[in-house]
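Quick notes on the structure that follows.
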Amino acid sequence: MTSIGGAEMVDWNLAVATATRLVRPGPEVSRHEARAVVAELRGHAKTSERHVRAYTRMVPEGATVQDTPVLVVDRAGWVKANVAGFRELLGPLLGKMQERRGSAPGGAVLGAVGGKVTGVELGMLLSFLASRVLGQYETFAPAALDLPGPATGGRLLLVAPNIVHVERELGVNPHDFRLWVCLHEETHRTQFTAVPWLRDHLEGEIQTFLGATEMDPMNVLERLREAAQSFAGARPADEHGEDGRSLVELVQTPEQREVLGRLTAVMSLLEGHADFVMDGVGPGVVPSVAEIREKFQQRRASGAGRLDAALRKLLGLDAKLRQYRDGERFVRAVVGEVGMDGFNRVWTSPNTLPTKSEIARPSDWVARVHGK
């Protein structure tokens, strides 16, 4: 998305306009129902904060942590927020690429066209994702007039039309489902507000990943070509019998794979911890949690069709599903062995975060951190 130039490498406004134009409309609701959904989600988010903090014990009693806003948005609002986040996070990389492009032959021509191309491509990707995300803790979000946030970034987004769509699709109790979603997303909010160093650590790892990006456009284009062949089925299955790697895996250097291994471990921890907390709190506050969990897991595993499954594979979203599963097993195993307070030592420093191999073997993390 950032391999060809533009006045600003990416036409961010065009990305927002493209995604907003292409995204599918949400479910039909009356104005009264829409206001009720928004109010209920805001209330559930506040209630979830109390439940999550009590269950995880990540925030000591009486302690004060940074407050970050909870925003209930539509699909267009989610797009705007994520474009702002991309622009903030990718800034250093795009600056380097713009300098390199400016000194290359034909840089001015690429500058006139490339930003439009990448803006449209990014908009198309966001239009696909905007109808699927139920909630998101935006770790690196800059504040904006219509999307407030603290100076240091961070805000919780709840995508109301997607939540309503899924609760109708699953045929579950809407009030229970909305609270259930809020429990998961509030756990992510608690992770970053209760562990102040976590945001800077993640940003550092991501900037290291971006800093190792190959700046030669021909190398990037070759990797993208390989990705396209994988998507079209032209590449043979790998040694594990899988139909090629995801786009995220293909557009990488060896240095980036090392960083990605660490990032994968952290994201598995965060996603698995959120699922574990949701399952732990749910039975006490969500009456139909068993039905919701079963139906949602089936939906999460099956996808919405062949095209949806292919896009998930190409974009690496299947890897995210594995993160939920593997991370939840890690958290459950560690809590079972050393208790919740013993598990919470994972939040002490970057050195106590699990490695990718420890996610698969929780006892190795226990042995390293607890000396058992």
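We label chains A, B, ... in the order they appear in the structure tokens, count residues from 1 in each chain, and number ligands from 1 in the order shown.
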query = Do you know which residues are at most 8 Å from Leu170 (chain A) counting only C-alpha atoms, after dropping those on the same chain fewer than 5 positions away, and could you put them as a list of chain:residue names?
reply =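 Contacts, with the query itself left out: A:Ile292, A:Lys295, A:Phe296.
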Next, dump the selected residues to file, keeping only C-alpha atoms, as a tab-separated table (two decimals), in the first residue's frame.
```tsv
chain	number	residue	atom	x	y	z
A	292	ILE	CA	-23.77	-16.78	22.43
A	295	LYS	CA	-22.90	-19.61	17.97
A	296	PHE	CA	-20.21	-16.96	17.75
```
request  = Tell me, in Å to one decimal, how far CA of Val181 (chain A) is from CA of Leu90 (chain A).
outcome  =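 One can read the CA of Val181 (chain A) to CA of Leu90 (chain A) distance as 29.0 Å.
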key: Shell of 9 Å around Thr190 (chain A), only C-alpha atoms, local chain residues under 3 positions omitted, as a list in words   =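 Everything that qualifies: Glu49, Val52, Arg53, Met58, Val59, Glu185, Glu186, Thr187, Thr193, Ala194 and Val195 of chain A.
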Emit the selected residues as a short mmCIF file (atom, residue, chain, number, x, y, z; two decimals), in the first residue's frame, including N, CA and C atoms.
```cif
data_model
loop_
_atom_site.label_atom_id
_atom_site.label_comp_id
_atom_site.auth_asym_id
_atom_site.auth_seq_id
_atom_site.Cartn_x
_atom_site.Cartn_y
_atom_site.Cartn_z
N GLU A 49 -16.29 -2.24 32.51
CA GLU A 49 -15.05 -1.77 33.16
C GLU A 49 -14.97 -2.27 34.59
N VAL A 52 -14.49 -6.22 34.58
CA VAL A 52 -13.17 -6.64 34.10
C VAL A 52 -12.10 -6.34 35.13
N ARG A 53 -12.15 -5.17 35.72
CA ARG A 53 -11.13 -4.82 36.72
C ARG A 53 -11.22 -5.73 37.95
N MET A 58 -6.04 -6.36 37.63
CA MET A 58 -4.93 -5.63 37.02
C MET A 58 -4.81 -4.21 37.57
N VAL A 59 -5.92 -3.66 38.06
CA VAL A 59 -5.91 -2.31 38.64
C VAL A 59 -6.09 -2.45 40.14
N GLU A 185 -14.00 -6.13 24.62
CA GLU A 185 -13.32 -4.91 24.22
C GLU A 185 -12.83 -4.11 25.43
N GLU A 186 -13.58 -4.14 26.52
CA GLU A 186 -13.14 -3.44 27.72
C GLU A 186 -11.87 -4.07 28.30
N THR A 187 -11.71 -5.38 28.10
CA THR A 187 -10.48 -6.03 28.56
C THR A 187 -9.28 -5.42 27.84
N THR A 193 -4.61 0.67 29.66
CA THR A 193 -4.66 1.73 30.67
C THR A 193 -4.00 1.29 31.98
N ALA A 194 -4.04 0.00 32.29
CA ALA A 194 -3.45 -0.50 33.53
C ALA A 194 -1.96 -0.81 33.39
N VAL A 195 -1.48 -0.94 32.14
CA VAL A 195 -0.07 -1.26 31.89
C VAL A 195 0.50 -0.14 31.02
#
```
query = CA of Val338 (chain A) to CA of Ser363 (chain A): how many Å, to one decimal?
reply =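 Between CA of Val338 (chain A) and CA of Ser363 (chain A) the gap is 10.3 Å.
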inquiry  = Just checking: using only C-alpha atoms, which residue out of A:Arg21, A:Arg75, A:Lys80, A:Arg178 ends up closest to Leu41 (chain A)?
reply    =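 With only C-alpha atoms as the atom set, the closest residue is A:Arg178.
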request  = Report the distance between CA of Phe330 (chain A) and CA of Ile359 (chain A) in Å, rounded to one decimal place.
outcome  = 5.6 Å
task = Give me the residues within 12 Å of Gly339 (chain A) as a PyMOL selection string, counting only C-alpha atoms and dropping any in the same chain fewer than 6 places off.
result = chain A and resi 55-57+331-333+345+366+370
Residues just named, written with C-alpha atoms as an mmCIF file, in the first residue's frame:
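That gives us selection26.cif:
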```
data_model
loop_
_atom_site.group_PDB
_atom_site.id
_atom_site.type_symbol
_atom_site.label_atom_id
_atom_site.label_comp_id
_atom_site.auth_asym_id
_atom_site.auth_seq_id
_atom_site.Cartn_x
_atom_site.Cartn_y
_atom_site.Cartn_z
ATOM 1 C CA TYR A 55 -11.946 -10.204 37.658
ATOM 2 C CA THR A 56 -8.453 -9.482 36.317
ATOM 3 C CA ARG A 57 -7.141 -7.611 39.391
ATOM 4 C CA VAL A 331 -3.773 -17.731 29.706
ATOM 5 C CA ARG A 332 -5.975 -20.570 30.919
ATOM 6 C CA ALA A 333 -2.993 -22.868 31.493
ATOM 7 C CA ARG A 345 3.341 -10.973 36.392
ATOM 8 C CA VAL A 366 5.990 -20.337 34.171
ATOM 9 C CA HIS A 370 8.271 -18.049 38.357
#
```
inquiry  = Between A:Pro174, A:Leu89, A:Gln136, A:Glu167, which residue has the minimum interatomic distance to Thr208 (chain A), considering only C-alpha atoms?
reply    = A:Leu89
query = Which is closest to Val37 (chain A) among A:Arg50, A:His184, A:His175, A:Lys372, if we use only C-alpha atoms?
reply =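 So, comparing all the options, the nearest one is A:His175.
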request  = Determine the nearest neighbour of Leu129 (chain A) from the options A:Arg35, A:Arg24, A:His201, A:Arg299, counting only C-alpha atoms.
outcome  = A:Arg24
